[in-house]
file my_file16.txt (compact mmCIF, C-alpha atoms)
# COMPACT_ATOMS: atom_id res chain seq x y z
CA MET S 1 -11.46 72.36 40.15
CA LYS S 2 -10.99 75.35 42.46
CA ILE S 3 -7.77 75.91 44.43
CA LYS S 4 -7.04 78.02 47.52
CA CYS S 5 -4.65 81.07 47.18
CA ARG S 6 -1.54 80.44 49.22
CA ASP S 7 -1.39 84.20 50.31
CA CYS S 8 -4.95 85.36 50.95
CA GLY S 9 -6.84 82.06 51.02
CA TYR S 10 -9.29 83.12 48.29
CA ARG S 11 -10.77 80.18 46.38
CA PHE S 12 -10.72 80.46 42.59
CA ARG S 13 -10.49 78.42 39.38
CA PRO S 14 -6.78 78.62 38.36
CA GLU S 15 -7.31 77.67 34.69
CA LEU S 16 -9.47 80.86 34.25
CA TYR S 17 -6.76 83.17 35.67
CA SER S 18 -3.60 81.31 34.64
CA GLY S 19 -2.90 80.66 38.34
CA LEU S 20 -2.99 84.42 39.37
CA CYS S 21 -5.26 85.10 42.39
CA PRO S 22 -8.04 87.52 41.30
CA ARG S 23 -7.98 89.06 44.82
CA CYS S 24 -4.26 89.55 45.73
CA GLY S 25 -2.55 88.82 42.38
CA ALA S 26 -0.25 86.17 43.87
CA TYR S 27 0.77 83.27 41.55
CA ASN S 28 -0.36 79.80 42.54
CA ARG S 29 1.03 76.58 40.91
CA TYR S 30 -1.64 74.28 39.55
CA GLN S 31 -1.84 71.14 37.33
CA ASP S 32 -3.74 71.57 34.05
CA ASP S 33 -4.59 68.82 31.44
CA VAL S 34 -1.44 69.46 29.40
CA GLY S 35 0.68 69.19 32.49
CA LYS S 36 -1.06 65.95 33.44
CA ALA S 37 -0.42 64.49 29.99
CA LEU S 38 3.23 65.49 30.17
CA LYS S 39 3.53 63.88 33.56
CA ASP S 40 1.90 60.63 32.34
CA ALA S 41 4.26 60.52 29.38
CA GLU S 42 7.24 61.04 31.64
CA GLU S 43 6.08 58.18 33.88
CA LYS S 44 5.57 55.86 30.92
CA GLN S 45 9.02 56.68 29.58
CA ASN S 46 10.54 55.77 32.89
CA GLN S 47 8.51 52.53 32.96
CA TRP S 48 9.61 51.62 29.38
CA ALA S 49 13.21 52.11 30.31
CA ALA S 50 12.73 49.64 33.16
CA ASP S 51 10.60 47.00 31.32
CA PRO S 52 10.03 47.55 27.60
CA ILE S 53 7.84 44.42 27.04
CA SER S 54 5.06 45.28 29.45
CA VAL S 55 4.50 48.78 28.01
CA GLY S 56 1.52 48.82 25.68
CA GLN S 57 0.11 45.48 26.88
CA THR S 58 -3.40 45.20 28.21
CA ALA S 59 -3.84 44.61 31.87
CA ARG S 60 -4.83 40.98 31.20
CA THR S 61 -1.78 39.94 29.17
CA MET S 62 0.67 41.90 31.17
CA LYS S 63 0.44 39.32 33.92
CA LYS S 64 1.82 36.24 32.01
CA PRO S 65 2.37 37.13 28.37
CA PHE S 66 5.20 34.85 27.33
CA PRO S 67 4.49 31.63 29.23
CA VAL S 68 1.02 31.62 27.67
CA LEU S 69 2.52 31.90 24.18
CA LEU S 70 4.95 29.09 24.98
CA ALA S 71 2.15 26.88 26.27
CA VAL S 72 0.07 27.48 23.12
CA LEU S 73 3.05 26.63 20.88
CA ALA S 74 3.85 23.48 22.85
CA PHE S 75 0.22 22.40 22.75
CA LEU S 76 0.04 22.83 18.99
CA ALA S 77 3.37 21.04 18.45
CA VAL S 78 2.06 17.99 20.36
CA LEU S 79 -1.53 18.20 19.18
CA LEU S 80 -0.80 18.38 15.45
CA PRO S 81 1.01 15.00 15.18
CA ALA S 82 -1.55 13.37 17.46
CA VAL S 83 -4.47 14.61 15.34
CA ALA S 84 -2.63 13.64 12.13
CA ALA S 85 -1.91 10.13 13.48
CA ALA S 86 -5.54 9.66 14.55
CA ALA S 87 -6.79 10.87 11.16
CA TYR S 88 -4.38 8.49 9.40
CA GLN S 89 -5.64 5.52 11.42
CA VAL S 90 -9.26 6.35 10.56
CA TRP S 91 -8.34 6.83 6.90
CA VAL S 92 -6.40 3.55 6.64
CA GLY S 93 -9.19 1.73 8.48
CA ARG S 94 -11.70 3.00 5.95
CA PHE S 95 -9.39 1.94 3.15
CA TYR S 96 -9.15 -1.60 4.53
CA GLU S 97 -12.91 -1.79 4.78
CA THR S 98 -13.25 -0.89 1.14
CA ALA S 99 -10.26 -2.90 -0.08
CA LEU S 100 -10.87 -6.19 1.71
CA ASP S 101 -13.70 -8.65 1.25
CA ARG S 102 -15.34 -6.71 -1.54
CA ASP S 103 -18.10 -8.15 -3.68
CA ILE S 104 -16.69 -9.10 -7.07
CA VAL S 105 -19.17 -9.90 -9.84
CA GLN S 106 -18.57 -13.41 -11.26
CA VAL S 107 -19.25 -13.81 -14.98
CA GLU S 108 -19.53 -17.10 -16.89
CA ALA S 109 -18.75 -17.53 -20.58
CA SER S 110 -21.19 -18.72 -23.17
CA GLU S 111 -20.13 -20.77 -26.22
CA GLY S 112 -16.49 -19.79 -26.05
CA LYS S 113 -17.24 -16.09 -25.54
CA LEU S 114 -16.94 -14.15 -22.31
CA THR S 115 -18.71 -10.78 -22.11
CA PHE S 116 -18.42 -8.19 -19.34
CA HIS S 117 -21.44 -5.93 -19.43
CA GLY S 118 -23.46 -4.51 -16.57
CA PRO S 119 -23.57 -1.68 -14.05
CA TYR S 120 -19.83 -2.15 -13.56
CA LYS S 121 -19.06 -1.89 -17.30
CA HIS S 122 -21.10 0.41 -19.47
CA TYR S 123 -19.66 -0.60 -22.85
CA PRO S 124 -19.53 -4.40 -23.35
CA LEU S 125 -16.09 -5.98 -23.37
CA SER S 126 -15.82 -9.51 -24.80
CA PHE S 127 -13.15 -12.17 -25.16
CA THR S 128 -13.54 -14.95 -27.71
CA LEU S 129 -11.41 -18.08 -27.86
CA GLN S 130 -9.76 -18.67 -31.23
CA GLU S 131 -7.43 -21.61 -30.59
CA ALA S 132 -5.48 -23.22 -27.77
CA GLY S 133 -2.83 -25.89 -27.41
CA PRO S 134 0.51 -26.90 -25.90
CA VAL S 135 3.68 -25.38 -27.35
CA ASP S 136 6.81 -27.37 -28.17
CA THR S 137 9.42 -26.10 -25.70
CA LYS S 138 12.24 -27.42 -27.95
CA ASP S 139 15.48 -27.68 -26.01
CA LEU S 140 14.29 -25.59 -23.05
CA THR S 141 14.33 -27.35 -19.70
CA LEU S 142 11.17 -26.91 -17.67
CA PRO S 143 10.35 -28.29 -14.23
CA GLU S 144 9.26 -31.91 -14.38
CA GLY S 145 5.65 -32.39 -15.42
CA MET S 146 5.23 -28.84 -16.66
CA GLY S 147 4.44 -27.55 -20.12
CA LEU S 148 3.74 -24.36 -22.00
CA LEU S 149 0.24 -23.52 -23.20
CA ALA S 150 -0.63 -20.98 -25.92
CA VAL S 151 -4.13 -19.54 -26.27
CA ARG S 152 -5.26 -17.20 -29.05
CA VAL S 153 -7.96 -14.76 -27.99
CA LYS S 154 -9.89 -11.95 -29.67
CA ALA S 155 -10.86 -9.01 -27.48
CA TYR S 156 -13.59 -6.56 -28.48
CA CYS S 157 -14.88 -3.44 -26.78
CA GLU S 158 -17.43 -0.95 -28.10
CA ASN S 159 -15.83 2.06 -26.50
CA TYR S 160 -13.06 3.17 -24.18
CA GLU S 161 -13.82 3.60 -20.48
CA PRO S 162 -10.87 5.25 -18.74
CA GLU S 163 -11.82 4.17 -15.23
CA VAL S 164 -12.19 0.44 -16.05
CA SER S 165 -9.16 -1.67 -16.96
CA TRP S 166 -8.32 -5.38 -17.12
CA GLN S 167 -5.27 -7.27 -16.06
CA ASP S 168 -3.53 -9.94 -18.06
CA PRO S 169 -5.69 -13.02 -17.55
CA CYS S 170 -4.48 -15.91 -15.46
CA LEU S 171 -4.79 -19.63 -16.08
CA LYS S 172 -6.89 -21.47 -13.51
CA TYR S 173 -6.74 -25.26 -13.22
CA GLU S 174 -7.24 -28.14 -10.80
CA ILE S 175 -4.62 -30.71 -9.94
CA ASP S 176 -4.73 -33.31 -7.15
CA GLY S 177 -7.83 -31.62 -5.74
CA ARG S 178 -6.25 -28.18 -5.41
CA ILE S 179 -6.84 -25.07 -7.50
CA CYS S 180 -3.86 -23.25 -8.96
CA TYR S 181 -3.57 -19.91 -10.71
CA ARG S 182 -0.77 -18.96 -13.04
CA GLU S 183 -0.03 -15.58 -14.53
CA ALA S 184 0.61 -15.07 -18.23
CA VAL S 185 4.23 -15.14 -19.40
CA ASN S 186 5.27 -12.21 -21.55
CA TYR S 187 7.23 -12.30 -24.79
CA TYR S 188 10.44 -11.03 -23.20
CA SER S 189 10.58 -13.95 -20.73
CA PHE S 190 11.51 -16.26 -23.59
CA PRO S 191 15.07 -16.60 -24.87
CA GLU S 192 16.03 -15.11 -28.19
CA GLY S 193 15.30 -17.44 -31.07
CA PHE S 194 12.62 -19.40 -29.19
CA PHE S 195 9.85 -18.25 -31.50
CA GLU S 196 9.80 -18.62 -35.24
CA GLU S 197 11.08 -15.71 -37.26
CA GLY S 198 8.42 -13.04 -37.64
CA PHE S 199 6.65 -13.89 -34.38
CA THR S 200 7.10 -10.80 -32.19
CA ASN S 201 5.71 -9.09 -29.12
CA GLU S 202 2.99 -7.67 -31.40
CA ASP S 203 1.57 -11.19 -31.75
CA PHE S 204 0.82 -11.34 -28.00
CA LEU S 205 -2.53 -10.01 -26.79
CA ASN S 206 -2.07 -6.43 -25.66
CA SER S 207 -3.44 -6.04 -22.16
CA TYR S 208 -3.54 -2.25 -22.63
CA PHE S 209 -6.27 -2.62 -25.21
CA TRP S 210 -9.37 -1.09 -23.61
CA GLY S 211 -11.27 -0.28 -26.83
CA PRO S 212 -12.80 0.86 -29.03
CA GLY S 213 -12.50 -1.87 -31.66
CA GLU S 214 -10.91 -5.31 -31.54
CA GLU S 215 -7.52 -6.80 -30.73
CA GLU S 216 -6.30 -10.33 -31.32
CA GLY S 217 -3.27 -12.12 -30.00
CA TYR S 218 -1.68 -14.96 -28.04
CA LEU S 219 -1.44 -15.57 -24.30
CA MET S 220 1.12 -18.02 -22.92
CA PHE S 221 1.09 -19.88 -19.62
CA PHE S 222 3.11 -22.51 -17.82
CA TYR S 223 0.91 -25.31 -16.56
CA GLU S 224 1.07 -28.75 -15.07
CA LYS S 225 0.42 -31.39 -17.70
CA ASP S 226 -1.92 -33.38 -15.43
CA ALA S 227 -4.09 -30.30 -14.84
CA GLN S 228 -7.84 -30.50 -15.33
CA ASN S 229 -10.70 -28.02 -15.80
CA MET S 230 -8.46 -25.36 -17.27
CA GLU S 231 -10.02 -21.91 -17.58
CA LEU S 232 -8.82 -18.47 -18.55
CA MET S 233 -9.77 -15.93 -15.90
CA TRP S 234 -9.98 -12.19 -16.44
CA THR S 235 -10.29 -9.60 -13.68
CA LEU S 236 -11.69 -6.14 -14.37
CA HIS S 237 -10.51 -3.27 -12.21
CA ARG S 238 -11.95 0.14 -11.49
CA VAL S 239 -9.81 3.02 -10.29
CA GLN S 240 -11.51 4.61 -7.32
CA ALA S 241 -10.77 8.01 -5.90
CA PRO S 242 -9.81 9.13 -3.34
CA GLU S 243 -7.90 5.93 -2.56
CA TYR S 244 -6.39 5.80 -6.05
CA ALA S 245 -6.32 2.02 -5.88
CA ASP S 246 -7.37 -0.43 -8.55
CA PHE S 247 -10.17 -2.50 -7.07
CA ALA S 248 -11.39 -5.69 -8.72
CA ILE S 249 -15.02 -5.31 -9.73
CA ALA S 250 -15.67 -8.37 -11.91
CA GLN S 251 -14.09 -11.70 -12.80
CA GLY S 252 -14.92 -13.85 -15.81
CA TYR S 253 -14.08 -17.43 -16.74
CA LEU S 254 -13.51 -18.88 -20.20
CA PRO S 255 -13.27 -22.73 -20.15
CA LEU S 256 -10.50 -24.22 -22.28
CA GLU S 257 -11.38 -27.91 -22.04
CA ASP S 258 -13.60 -28.01 -25.11
CA ILE S 259 -11.19 -26.23 -27.41
CA LEU S 260 -8.24 -28.29 -26.09
CA GLN S 261 -10.16 -31.52 -26.77
CA LYS S 262 -11.06 -30.26 -30.24
CA GLU S 263 -7.46 -29.32 -31.03
CA LYS S 264 -6.31 -32.68 -29.68
CA GLY S 265 -8.83 -34.49 -31.90
CA ALA S 266 -7.78 -32.48 -34.93
CA GLY S 267 -4.14 -33.23 -34.17
CA GLN S 268 -4.81 -36.95 -34.04
CA MET H 269 7.61 41.52 32.62
CA LYS H 270 11.08 40.61 31.51
CA VAL H 271 11.42 37.68 29.03
CA LYS H 272 14.14 35.22 29.92
CA VAL H 273 16.59 33.88 27.37
CA TRP H 274 15.44 30.28 27.76
CA GLN H 275 11.87 31.36 27.07
CA LYS H 276 12.91 33.00 23.83
CA GLY H 277 14.86 29.86 22.85
CA ALA H 278 11.94 27.59 23.67
CA ALA H 279 9.59 29.75 21.62
CA CYS H 280 11.95 29.60 18.64
CA LEU H 281 12.33 25.81 18.90
CA LEU H 282 8.60 25.20 19.25
CA THR H 283 7.85 27.44 16.29
CA ALA H 284 10.44 25.59 14.19
CA LEU H 285 8.97 22.23 15.27
CA LEU H 286 5.48 23.34 14.34
CA VAL H 287 6.61 24.53 10.92
CA LEU H 288 8.43 21.19 10.38
CA GLU H 289 5.35 19.21 11.38
CA ILE H 290 3.15 21.16 8.99
CA PHE H 291 5.72 20.63 6.24
CA LEU H 292 5.83 16.86 6.89
CA LEU H 293 2.06 16.67 7.04
CA PHE H 294 1.70 18.28 3.62
CA GLY H 295 4.40 15.97 2.27
CA PHE H 296 2.59 12.94 3.66
CA LEU H 297 -0.73 14.05 2.19
CA ALA H 298 0.92 14.55 -1.18
CA SER H 299 2.20 10.94 -1.20
CA ARG H 300 -0.77 9.20 0.38
CA LYS H 301 -0.93 6.63 -2.43
CA ASP H 302 2.51 5.37 -1.49
CA ALA H 303 1.51 5.54 2.16
CA LEU H 304 -1.44 3.26 1.47
CA ARG H 305 0.67 0.80 -0.45
CA TYR H 306 3.08 0.70 2.46
CA ALA H 307 0.20 0.19 4.86
CA MET H 308 -1.27 -2.64 2.80
CA GLU H 309 2.04 -4.40 2.37
CA TYR H 310 3.46 -4.12 5.81
CA GLU H 311 0.70 -3.39 8.31
CA LYS H 312 -1.89 -5.95 7.37
CA SER H 313 -1.66 -9.18 5.45
CA GLN H 314 -4.14 -9.55 2.63
CA VAL H 315 -3.69 -13.31 2.42
CA GLU H 316 -5.07 -15.83 4.90
CA ILE H 317 -3.49 -19.27 5.04
CA GLU H 318 -6.07 -22.04 5.19
CA SER H 319 -3.83 -25.12 5.16
CA VAL H 320 -0.21 -26.12 4.66
CA THR H 321 1.09 -29.51 3.57
CA VAL H 322 4.79 -30.32 3.78
CA ARG H 323 5.99 -33.46 2.00
CA ASN H 324 9.46 -34.90 2.21
CA ILE H 325 10.74 -35.45 -1.34
CA ASP H 326 14.30 -36.30 -0.45
CA ASP H 327 14.08 -39.34 -2.73
CA ARG H 328 13.93 -36.88 -5.66
CA ARG H 329 17.00 -34.91 -4.70
CA GLU H 330 18.77 -36.06 -7.87
CA ASP H 331 16.38 -33.83 -9.80
CA TYR H 332 17.29 -30.73 -7.83
CA GLU H 333 20.31 -28.63 -7.08
CA VAL H 334 20.58 -29.13 -3.33
CA TYR H 335 23.57 -29.10 -0.99
CA ASP H 336 24.46 -32.08 1.21
CA GLY H 337 23.18 -31.75 4.76
CA ARG H 338 19.84 -30.36 3.66
CA ARG H 339 16.56 -32.19 3.11
CA LEU H 340 14.13 -31.48 0.31
CA TYR H 341 10.50 -30.63 0.96
CA GLU H 342 7.55 -29.72 -1.21
CA VAL H 343 5.33 -27.13 0.47
CA SER H 344 1.73 -26.74 -0.71
CA MET H 345 -0.01 -23.77 0.85
CA THR H 346 -3.70 -23.05 0.28
CA CYS H 347 -4.56 -19.38 0.83
CA HIS H 348 -7.47 -17.02 0.49
CA ASN H 349 -6.80 -13.58 -0.94
CA ARG H 350 -9.07 -11.14 0.91
CA ALA H 351 -8.00 -8.11 -1.04
CA ALA H 352 -9.56 -6.68 -4.16
CA TYR H 353 -6.38 -7.10 -6.15
CA ALA H 354 -4.10 -9.94 -7.19
CA SER H 355 -1.38 -11.26 -4.96
CA GLN H 356 1.92 -12.93 -5.73
CA LEU H 357 3.17 -14.57 -2.56
CA TYR H 358 6.57 -15.45 -3.90
CA ARG H 359 7.26 -11.76 -4.37
CA GLY H 360 7.56 -11.34 -0.68
CA ILE H 361 4.35 -11.58 1.35
CA VAL H 362 5.33 -14.89 2.91
CA LYS H 363 8.74 -16.20 3.78
CA PHE H 364 9.90 -19.50 5.18
CA GLU H 365 12.06 -19.88 8.21
CA GLU H 366 13.68 -22.78 9.91
CA LYS H 367 12.48 -23.04 13.45
CA GLY H 368 15.85 -23.11 15.14
CA SER H 369 18.15 -20.63 13.49
CA GLY H 370 15.61 -18.17 12.17
CA ASN H 371 17.33 -18.11 8.81
CA ALA H 372 15.24 -18.41 5.69
CA ALA H 373 14.86 -21.83 4.19
CA TYR H 374 16.13 -22.04 0.66
CA SER H 375 14.05 -22.11 -2.49
CA VAL H 376 15.30 -24.86 -4.77
CA TYR H 377 14.88 -25.18 -8.50
CA GLY H 378 15.31 -28.24 -10.66
CA LYS H 379 18.65 -29.16 -12.13
CA ASP H 380 19.76 -27.48 -15.36
CA LEU H 381 16.82 -25.12 -15.35
CA GLY H 382 17.50 -21.84 -17.03
CA TYR H 383 15.73 -18.55 -16.49
CA LEU H 384 12.54 -19.86 -18.08
CA GLY H 385 12.46 -22.73 -15.59
CA SER H 386 12.53 -20.21 -12.76
CA VAL H 387 9.73 -18.27 -14.41
CA ALA H 388 7.70 -21.46 -14.61
CA TYR H 389 8.09 -21.93 -10.85
CA ASP H 390 7.38 -18.31 -10.03
CA SER H 391 4.38 -17.68 -12.25
CA GLN H 392 1.98 -18.72 -9.48
CA MET H 393 -0.50 -16.06 -8.36
CA LEU H 394 -3.78 -15.60 -6.53
CA PRO H 395 -6.48 -13.39 -8.05
CA ALA H 396 -8.54 -10.99 -5.98
CA GLY H 397 -11.05 -12.67 -3.67
CA GLN H 398 -9.99 -16.23 -4.67
CA THR H 399 -8.69 -19.28 -2.84
CA GLY H 400 -5.82 -21.16 -4.40
CA THR H 401 -2.75 -23.29 -3.73
CA TYR H 402 0.87 -22.30 -4.09
CA ARG H 403 3.60 -24.89 -4.33
CA TRP H 404 7.29 -24.52 -3.59
CA VAL H 405 10.23 -26.87 -3.29
CA ILE H 406 12.57 -25.87 -0.49
CA ALA H 407 15.70 -27.19 1.15
CA VAL H 408 16.07 -27.19 4.94
CA ASP H 409 19.07 -28.03 7.13
CA GLU H 410 18.84 -31.60 8.46
CA GLN H 411 18.89 -30.64 12.14
CA GLU H 412 15.71 -28.57 11.83
CA ASP H 413 12.47 -30.21 12.94
CA ALA H 414 9.87 -27.59 12.03
CA LEU H 415 9.14 -24.97 9.43
CA VAL H 416 7.69 -21.59 10.28
CA ILE H 417 5.86 -19.57 7.66
CA ARG H 418 5.78 -15.92 8.52
CA ASP H 419 4.27 -12.81 7.11
CA ILE H 420 7.06 -10.70 5.77
CA GLN H 421 6.02 -7.84 8.01
CA ASP H 422 7.75 -9.78 10.78
CA ARG H 423 11.11 -9.25 9.18
CA PHE H 424 12.05 -7.25 12.23
CA ALA H 425 9.34 -7.81 14.81
CA GLY H 426 9.62 -11.59 15.04
CA GLU H 427 5.96 -11.98 15.98
CA ASN H 428 2.71 -12.72 14.22
CA VAL H 429 3.69 -16.27 13.25
CA LEU H 430 1.18 -17.47 10.73
CA VAL H 431 1.79 -21.21 10.83
CA GLN H 432 4.32 -23.76 12.05
CA VAL H 433 4.56 -27.23 10.53
CA ASP H 434 6.61 -30.20 11.74
CA LEU H 435 8.99 -31.47 9.09
CA PRO H 436 8.58 -35.18 8.19
CA GLU H 437 11.90 -37.01 8.31
CA GLU H 438 11.22 -39.94 5.97
CA ALA H 439 11.00 -39.56 2.21
CA GLY H 440 7.40 -39.73 0.98
CA GLU H 441 5.91 -38.71 4.35
CA SER H 442 3.76 -35.61 4.57
CA VAL H 443 2.33 -33.45 7.36
CA THR H 444 -0.71 -31.21 6.97
CA GLU H 445 -1.53 -28.26 9.20
CA GLN H 446 -5.13 -27.12 8.94
CA LEU H 447 -5.90 -23.61 10.17
CA ASP H 448 -9.32 -22.44 11.37

call {"tool": "encode", "arguments": {"input": "my_file16.txt", "output": "structure tokens"}}
result
Amino acid sequence: MKIKCRDCGYRFRPELYSGLCPRCGAYNRYQDDVGKALKDAEEKQNQWAADPISVGQTARTMKKPFPVLLAVLAFLAVLLPAVAAAAYQVWVGRFYETALDRDIVQVEASEGKLTFHGPYKHYPLSFTLQEAGPVDTKDLTLPEGMGLLAVRVKAYCENYEPEVSWQDPCLKYEIDGRICYREAVNYYSFPEGFFEEGFTNEDFLNSYFWGPGEEEGYLMFFYEKDAQNMELMWTLHRVQAPEYADFAIAQGYLPLEDILQKEKGAGQ
Amino acid sequence: MKVKVWQKGAACLLTALLVLEIFLLFGFLASRKDALRYAMEYEKSQVEIESVTVRNIDDRREDYEVYDGRRLYEVSMTCHNRAAYASQLYRGIVKFEEKGSGNAAYSVYGKDLGYLGSVAYDSQMLPAGQTGTYRWVIAVDEQEDALVIRDIQDRFAGENVLVQVDLPEEAGESVTEQLD
């Protein structure tokens, strides 16, 4: 850009003549690019000294930089628990749907043998009644009208299936028109010396037997002596991810009446 | 723009809160099995009561260990287990309360029963998806006129009463409450 000489008024380009007028030789001050850059730097330094944060920000964020950051943080701090709580409710709701009122396959025994085999159990699992009868409770005091029942059962499974397990069976019976269920009593519930010498925990049926092969042992239950239609009832469970809960998939019933009558007849 | 001290403090606090929330969230996700168990036990009952019968058996008090000033009752409760796993009510899903004081009624066992006698009482259970009857013998203070059976989740809330049954005063009498 041309400037006008302050002595003779001649117009010339100062950057070509280092500010000296080509007509009269007088020196004229002018601002070149280096000078402009130096001046900008000087201005910025002054600005930084006054407000260090705003230097280097874009025009958009320089207006409200920190309140925006605070608002974003506050929003996330509130939003995260809210989203987590909502997700938990949905998740638990889905769990209830799958855990409650499920279809459980009901299996009936045939000739003293109960077999679980189907889409829910690839390798057949069977329970066969060996013997059953009341146990002499000796000097133990039980509630009035109650007795102790022992059942010997043989379990057989072709192969092990890690995702399918079975619980200790329960004893189902009817009394006065109502149905009762009782869980099996384990060996360690009985006082020392109750069983004959040599009869140990090993003689009880091991509920951790899931195959392959066979396992035989006793199950013991408390029952009411006036009970009728006694049955052993097994429940098969399947562990289901991602809930990691054992869901019942099948239940089977093994009637005890026949074998109890037979034992009673043999006893007489 | 100059940042104020309170803004810096707020930013630090919010950042710390966010980090804590993320930490807790990961912890929760890692223990979701326990979380589900908690939810199933305390948030929603898996057992529905269908009917309750309370019978006064005070004429059999000689057979039980019961203090004077309390009456003996036999409670028969028929329930349906909606869940896909077994339930043992006596282990804490249901508790009895007297209507007036709010204190638990007392489970009573027969006289001279040892540990095995208690096991015999407590071995009742309800398999997955089945309907069955539980039976207890309880003792209730004589001034009480009703029995409330609550879900244990009400231990603190005091709501969600499942069923209330009037207590028969004469020995041999029974009252049945049928639920829809």

call {"tool": "axis_aligned_box", "arguments": {"input": "my_file16.txt", "around": "range 398-407 of chain H", "padding_each_side": "5 Å", "output": "lines of an AutoDock Vina configuration file"}}
result
center_x = 2.9
center_y = -21.7
center_z = -1.8
size_x = 35.7
size_y = 21.0
size_z = 15.8

call {"tool": "closest_residue", "arguments": {"input": "my_file16.txt", "among": "S:Leu205, S:Val151, S:Val239, S:Cys21", "to": "chain H", "atoms": "all atoms listed in the file"}}
result
S:Val239

call {"tool": "closest_residue", "arguments": {"input": "my_file16.txt", "among": "S:Met233, S:Ala41, S:Cys180, S:Ala82", "to": "chain H", "atoms": "only C-alpha atoms"}}
result
S:Cys180

call {"tool": "residues_around", "arguments": {"input": "my_file16.txt", "residues": "Ser126 in chain S", "least_positions_apart": "3", "cutoff": "12 Å", "atoms": "only C-alpha atoms", "output": "MDAnalysis selection string"}}
result
chainID S and resid 107:110 112:117 121 123 129 153:159 166 209:216 234 236 252:254

call {"tool": "residues_around", "arguments": {"input": "my_file16.txt", "residues": "Val334 in chain H", "least_positions_apart": "3", "cutoff": "12 Å", "atoms": "all atoms listed in the file", "output": "compact mmCIF listing (two decimals) with C-alpha atoms, in the frame of the given file"}}
result
# COMPACT_ATOMS: atom_id res chain seq x y z
CA ILE H 325 10.74 -35.45 -1.34
CA ASP H 326 14.30 -36.30 -0.45
CA ARG H 328 13.93 -36.88 -5.66
CA ARG H 329 17.00 -34.91 -4.70
CA GLU H 330 18.77 -36.06 -7.87
CA ASP H 331 16.38 -33.83 -9.80
CA GLY H 337 23.18 -31.75 4.76
CA ARG H 338 19.84 -30.36 3.66
CA ARG H 339 16.56 -32.19 3.11
CA LEU H 340 14.13 -31.48 0.31
CA TYR H 341 10.50 -30.63 0.96
CA ALA H 373 14.86 -21.83 4.19
CA TYR H 374 16.13 -22.04 0.66
CA SER H 375 14.05 -22.11 -2.49
CA VAL H 376 15.30 -24.86 -4.77
CA TYR H 377 14.88 -25.18 -8.50
CA GLY H 378 15.31 -28.24 -10.66
CA LYS H 379 18.65 -29.16 -12.13
CA VAL H 405 10.23 -26.87 -3.29
CA ILE H 406 12.57 -25.87 -0.49
CA ALA H 407 15.70 -27.19 1.15
CA VAL H 408 16.07 -27.19 4.94
CA ASP H 409 19.07 -28.03 7.13

call {"tool": "residues_around", "arguments": {"input": "my_file16.txt", "residues": "Val443 in chain H", "least_positions_apart": "4", "cutoff": "10 Å", "atoms": "only C-alpha atoms", "output": "ChimeraX atom specification"}}
result
/H:320-324,343,433-436

call {"tool": "closest_residue", "arguments": {"input": "my_file16.txt", "among": "H:Thr399, H:Gln411, H:Thr444, H:Gln392", "to": "chain S", "atoms": "all atoms listed in the file"}}
result
H:Gln392

call {"tool": "atom_distance", "arguments": {"input": "my_file16.txt", "atom1": "CA of Gln89 in chain S", "atom2": "CA of Phe247 in chain S"}}
result
20.7 Å

call {"tool": "interface_residues", "arguments": {"input": "my_file16.txt", "of": "chain H", "to": "chain S", "cutoff": "8 Å", "atoms": "all atoms listed in the file", "output": "compact mmCIF listing (two decimals) with C-alpha atoms, in the frame of the given file"}}
result
# COMPACT_ATOMS: atom_id res chain seq x y z
CA MET H 269 7.61 41.52 32.62
CA LYS H 270 11.08 40.61 31.51
CA VAL H 271 11.42 37.68 29.03
CA GLN H 275 11.87 31.36 27.07
CA ALA H 278 11.94 27.59 23.67
CA ALA H 279 9.59 29.75 21.62
CA LEU H 282 8.60 25.20 19.25
CA THR H 283 7.85 27.44 16.29
CA LEU H 285 8.97 22.23 15.27
CA LEU H 286 5.48 23.34 14.34
CA GLU H 289 5.35 19.21 11.38
CA LEU H 293 2.06 16.67 7.04
CA LYS H 301 -0.93 6.63 -2.43
CA LEU H 304 -1.44 3.26 1.47
CA ALA H 307 0.20 0.19 4.86
CA GLN H 314 -4.14 -9.55 2.63
CA ARG H 350 -9.07 -11.14 0.91
CA ALA H 351 -8.00 -8.11 -1.04
CA ALA H 352 -9.56 -6.68 -4.16
CA TYR H 353 -6.38 -7.10 -6.15
CA TYR H 377 14.88 -25.18 -8.50
CA GLY H 378 15.31 -28.24 -10.66
CA ASP H 380 19.76 -27.48 -15.36
CA LEU H 381 16.82 -25.12 -15.35
CA GLY H 382 17.50 -21.84 -17.03
CA LEU H 384 12.54 -19.86 -18.08
CA GLY H 385 12.46 -22.73 -15.59
CA VAL H 387 9.73 -18.27 -14.41
CA ALA H 388 7.70 -21.46 -14.61
CA TYR H 389 8.09 -21.93 -10.85
CA SER H 391 4.38 -17.68 -12.25
CA GLN H 392 1.98 -18.72 -9.48
CA MET H 393 -0.50 -16.06 -8.36
CA LEU H 394 -3.78 -15.60 -6.53
CA PRO H 395 -6.48 -13.39 -8.05
CA ALA H 396 -8.54 -10.99 -5.98
CA GLY H 397 -11.05 -12.67 -3.67
CA THR H 399 -8.69 -19.28 -2.84
CA GLY H 400 -5.82 -21.16 -4.40
CA THR H 401 -2.75 -23.29 -3.73
CA TYR H 402 0.87 -22.30 -4.09

call {"tool": "atom_distance", "arguments": {"input": "my_file16.txt", "atom1": "CA of Ala132 in chain S", "atom2": "CA of Val105 in chain S"}}
result
26.2 Å
